[in-house]
Amino acid sequence: MASCCAVIGSITYALKGQRLLSSYDVESKIIKVRSGSASGGCAYGLEFDCINMNTVTALLRREGLQYKDIIRM
């Protein structure tokens with residue numbers, strides 16, 4: 001299965017996102033992502049199964065958790 005990553009930015013928001021997804025039985029893990037748009041070139045993201053992309057994006061938007069991009073791993 002393909003993995004996707006929602007590039008979140010800060011570890012705090014990544015943790016909030018992981019708790020949110022977990023409460024809806026969507027497995028995810030926090031990873032460090034190299035991002036040209038983040039200061040210092042690093043950001044944090046939530047890695048999840050791409051099959052859950054619509055669910056993940058809808059939940060993050062509904063809760064107001066901004067993400068910079070969704071990338072395929």
# chains A, B, ... in the order shown; residues from 1 in each chain; ligands from 1
>>> select_by_dssp(residues="chain A", states="helix (DSSP H, G or I)", output="list in words")
Ile11, Thr12, Tyr13, Ala14, Leu15, Lys16, Gly17, Gln18, Arg19, Leu20, Leu21, Ser22, Ser23, Ser39, Gly40, Gly41, Cys50, Ile51, Asn52, Met53, Asn54, Thr55, Val56, Thr57, Ala58, Leu59, Leu60, Arg61 and Arg62 of chain A
>>> write_last_selection(atoms="N, CA and C atoms", output="compact mmCIF listing (two decimals), in the first residue's frame")
# COMPACT_ATOMS: atom_id res chain seq x y z
N ILE A 11 5.62 20.26 15.39
CA ILE A 11 5.38 19.00 16.09
C ILE A 11 4.09 19.07 16.90
N THR A 12 3.78 20.24 17.44
CA THR A 12 2.55 20.40 18.24
C THR A 12 1.32 20.10 17.40
N TYR A 13 1.24 20.68 16.21
CA TYR A 13 0.08 20.44 15.35
C TYR A 13 0.08 19.03 14.78
N ALA A 14 1.27 18.47 14.55
CA ALA A 14 1.34 17.08 14.10
C ALA A 14 0.77 16.14 15.17
N LEU A 15 1.10 16.40 16.44
CA LEU A 15 0.55 15.59 17.53
C LEU A 15 -0.97 15.73 17.62
N LYS A 16 -1.47 16.96 17.48
CA LYS A 16 -2.92 17.17 17.50
C LYS A 16 -3.59 16.41 16.36
N GLY A 17 -2.97 16.47 15.19
CA GLY A 17 -3.51 15.76 14.03
C GLY A 17 -3.50 14.26 14.23
N GLN A 18 -2.43 13.74 14.81
CA GLN A 18 -2.35 12.30 15.06
C GLN A 18 -3.43 11.85 16.04
N ARG A 19 -3.65 12.64 17.09
CA ARG A 19 -4.71 12.30 18.05
C ARG A 19 -6.08 12.34 17.38
N LEU A 20 -6.30 13.33 16.53
CA LEU A 20 -7.57 13.45 15.82
C LEU A 20 -7.79 12.23 14.94
N LEU A 21 -6.81 11.88 14.13
CA LEU A 21 -6.96 10.74 13.23
C LEU A 21 -7.15 9.45 14.01
N SER A 22 -6.44 9.30 15.10
CA SER A 22 -6.57 8.11 15.93
C SER A 22 -7.98 7.97 16.48
N SER A 23 -8.61 9.08 16.83
CA SER A 23 -9.97 9.03 17.37
C SER A 23 -10.99 8.56 16.32
N SER A 39 11.02 27.03 7.75
CA SER A 39 12.27 27.65 8.17
C SER A 39 13.22 26.57 8.65
N GLY A 40 14.46 26.64 8.23
CA GLY A 40 15.42 25.61 8.60
C GLY A 40 15.36 24.39 7.70
N GLY A 41 14.41 24.36 6.78
CA GLY A 41 14.32 23.27 5.82
C GLY A 41 13.65 22.00 6.34
N CYS A 50 -2.44 6.01 1.83
CA CYS A 50 -3.07 6.90 0.84
C CYS A 50 -4.55 6.58 0.61
N ILE A 51 -4.96 5.38 0.93
CA ILE A 51 -6.37 5.03 0.76
C ILE A 51 -7.27 5.90 1.65
N ASN A 52 -6.69 6.47 2.71
CA ASN A 52 -7.44 7.33 3.65
C ASN A 52 -7.30 8.82 3.33
N MET A 53 -6.81 9.17 2.16
CA MET A 53 -6.53 10.58 1.84
C MET A 53 -7.77 11.48 2.02
N ASN A 54 -8.90 11.10 1.47
CA ASN A 54 -10.10 11.95 1.58
C ASN A 54 -10.53 12.13 3.03
N THR A 55 -10.47 11.06 3.81
CA THR A 55 -10.84 11.13 5.22
C THR A 55 -9.89 12.04 5.99
N VAL A 56 -8.59 11.85 5.76
CA VAL A 56 -7.58 12.63 6.48
C VAL A 56 -7.72 14.12 6.15
N THR A 57 -7.82 14.47 4.87
CA THR A 57 -7.92 15.88 4.51
C THR A 57 -9.21 16.50 5.06
N ALA A 58 -10.31 15.75 5.01
CA ALA A 58 -11.58 16.28 5.54
C ALA A 58 -11.49 16.52 7.05
N LEU A 59 -10.91 15.58 7.79
CA LEU A 59 -10.81 15.72 9.24
C LEU A 59 -9.89 16.88 9.62
N LEU A 60 -8.74 16.98 8.96
CA LEU A 60 -7.81 18.08 9.27
C LEU A 60 -8.45 19.43 8.99
N ARG A 61 -9.14 19.54 7.86
CA ARG A 61 -9.80 20.82 7.52
C ARG A 61 -10.89 21.15 8.53
N ARG A 62 -11.72 20.14 8.86
CA ARG A 62 -12.83 20.38 9.78
C ARG A 62 -12.35 20.88 11.13
>>> select_by_dssp(residues="chain A", states="strand (DSSP E or B)", output="ChimeraX atom specification")
/A:3-9,29-34,42-49,69-72
>>> write_last_selection(atoms="N, CA and C atoms", output="PDB file, in the first residue's frame")
ATOM      1  N   SER A   3       2.052   5.011   0.863  1.00  0.00           N
ATOM      2  CA  SER A   3       1.979   5.924   2.002  1.00  0.00           C
ATOM      3  C   SER A   3       1.939   7.354   1.502  1.00  0.00           C
ATOM      4  N   CYS A   4       1.170   8.163   2.181  1.00  0.00           N
ATOM      5  CA  CYS A   4       1.097   9.593   1.915  1.00  0.00           C
ATOM      6  C   CYS A   4       1.498  10.335   3.182  1.00  0.00           C
ATOM      7  N   CYS A   5       1.820  11.600   3.023  1.00  0.00           N
ATOM      8  CA  CYS A   5       2.212  12.410   4.170  1.00  0.00           C
ATOM      9  C   CYS A   5       1.578  13.786   4.064  1.00  0.00           C
ATOM     10  N   ALA A   6       0.899  14.184   5.117  1.00  0.00           N
ATOM     11  CA  ALA A   6       0.378  15.543   5.226  1.00  0.00           C
ATOM     12  C   ALA A   6       1.450  16.353   5.934  1.00  0.00           C
ATOM     13  N   VAL A   7       2.045  17.297   5.219  1.00  0.00           N
ATOM     14  CA  VAL A   7       3.104  18.131   5.794  1.00  0.00           C
ATOM     15  C   VAL A   7       2.429  19.192   6.662  1.00  0.00           C
ATOM     16  N   ILE A   8       2.654  19.093   7.959  1.00  0.00           N
ATOM     17  CA  ILE A   8       1.966  19.941   8.935  1.00  0.00           C
ATOM     18  C   ILE A   8       2.798  21.157   9.322  1.00  0.00           C
ATOM     19  N   GLY A   9       4.028  20.971   9.646  1.00  0.00           N
ATOM     20  CA  GLY A   9       4.880  22.076  10.096  1.00  0.00           C
ATOM     21  C   GLY A   9       5.409  21.793  11.484  1.00  0.00           C
ATOM     22  N   LYS A  29       1.527   8.092  11.603  1.00  0.00           N
ATOM     23  CA  LYS A  29       2.713   8.269  12.439  1.00  0.00           C
ATOM     24  C   LYS A  29       3.367   9.590  12.067  1.00  0.00           C
ATOM     25  N   ILE A  30       3.978  10.206  13.065  1.00  0.00           N
ATOM     26  CA  ILE A  30       4.637  11.494  12.878  1.00  0.00           C
ATOM     27  C   ILE A  30       6.037  11.238  12.332  1.00  0.00           C
ATOM     28  N   ILE A  31       6.353  11.954  11.261  1.00  0.00           N
ATOM     29  CA  ILE A  31       7.683  11.840  10.670  1.00  0.00           C
ATOM     30  C   ILE A  31       8.256  13.230  10.438  1.00  0.00           C
ATOM     31  N   LYS A  32       9.569  13.292  10.336  1.00  0.00           N
ATOM     32  CA  LYS A  32      10.239  14.545  10.015  1.00  0.00           C
ATOM     33  C   LYS A  32      10.374  14.610   8.494  1.00  0.00           C
ATOM     34  N   VAL A  33      10.010  15.750   7.928  1.00  0.00           N
ATOM     35  CA  VAL A  33       9.986  15.919   6.479  1.00  0.00           C
ATOM     36  C   VAL A  33      10.874  17.088   6.099  1.00  0.00           C
ATOM     37  N   ARG A  34      11.668  16.909   5.064  1.00  0.00           N
ATOM     38  CA  ARG A  34      12.445  18.037   4.545  1.00  0.00           C
ATOM     39  C   ARG A  34      11.493  18.876   3.698  1.00  0.00           C
ATOM     40  N   CYS A  42      13.119  21.997   7.555  1.00  0.00           N
ATOM     41  CA  CYS A  42      12.472  20.801   8.103  1.00  0.00           C
ATOM     42  C   CYS A  42      11.062  21.132   8.572  1.00  0.00           C
ATOM     43  N   ALA A  43      10.233  20.113   8.520  1.00  0.00           N
ATOM     44  CA  ALA A  43       8.868  20.231   9.018  1.00  0.00           C
ATOM     45  C   ALA A  43       8.476  18.853   9.549  1.00  0.00           C
ATOM     46  N   TYR A  44       7.332  18.768  10.146  1.00  0.00           N
ATOM     47  CA  TYR A  44       6.807  17.488  10.608  1.00  0.00           C
ATOM     48  C   TYR A  44       5.569  17.158   9.799  1.00  0.00           C
ATOM     49  N   GLY A  45       5.331  15.884   9.650  1.00  0.00           N
ATOM     50  CA  GLY A  45       4.179  15.458   8.880  1.00  0.00           C
ATOM     51  C   GLY A  45       3.549  14.226   9.483  1.00  0.00           C
ATOM     52  N   LEU A  46       2.372  13.915   8.983  1.00  0.00           N
ATOM     53  CA  LEU A  46       1.651  12.714   9.384  1.00  0.00           C
ATOM     54  C   LEU A  46       1.660  11.747   8.218  1.00  0.00           C
ATOM     55  N   GLU A  47       2.286  10.598   8.409  1.00  0.00           N
ATOM     56  CA  GLU A  47       2.302   9.569   7.386  1.00  0.00           C
ATOM     57  C   GLU A  47       1.091   8.670   7.597  1.00  0.00           C
ATOM     58  N   PHE A  48       0.384   8.368   6.509  1.00  0.00           N
ATOM     59  CA  PHE A  48      -0.815   7.542   6.584  1.00  0.00           C
ATOM     60  C   PHE A  48      -0.974   6.790   5.267  1.00  0.00           C
ATOM     61  N   ASP A  49      -1.848   5.803   5.251  1.00  0.00           N
ATOM     62  CA  ASP A  49      -2.132   5.038   4.041  1.00  0.00           C
ATOM     63  C   ASP A  49      -2.903   5.941   3.075  1.00  0.00           C
ATOM     64  N   ASP A  69       0.956  20.614   2.426  1.00  0.00           N
ATOM     65  CA  ASP A  69       0.917  19.788   1.226  1.00  0.00           C
ATOM     66  C   ASP A  69       0.635  18.348   1.621  1.00  0.00           C
ATOM     67  N   ILE A  70       0.192  17.562   0.656  1.00  0.00           N
ATOM     68  CA  ILE A  70       0.088  16.113   0.817  1.00  0.00           C
ATOM     69  C   ILE A  70       1.021  15.516  -0.231  1.00  0.00           C
ATOM     70  N   ILE A  71       1.949  14.688   0.209  1.00  0.00           N
ATOM     71  CA  ILE A  71       2.894  14.093  -0.720  1.00  0.00           C
ATOM     72  C   ILE A  71       2.818  12.571  -0.650  1.00  0.00           C
ATOM     73  N   ARG A  72       3.075  11.923  -1.789  1.00  0.00           N
ATOM     74  CA  ARG A  72       3.173  10.465  -1.819  1.00  0.00           C
ATOM     75  C   ARG A  72       4.588  10.074  -1.458  1.00  0.00           C
TER      76      ARG A  72
END
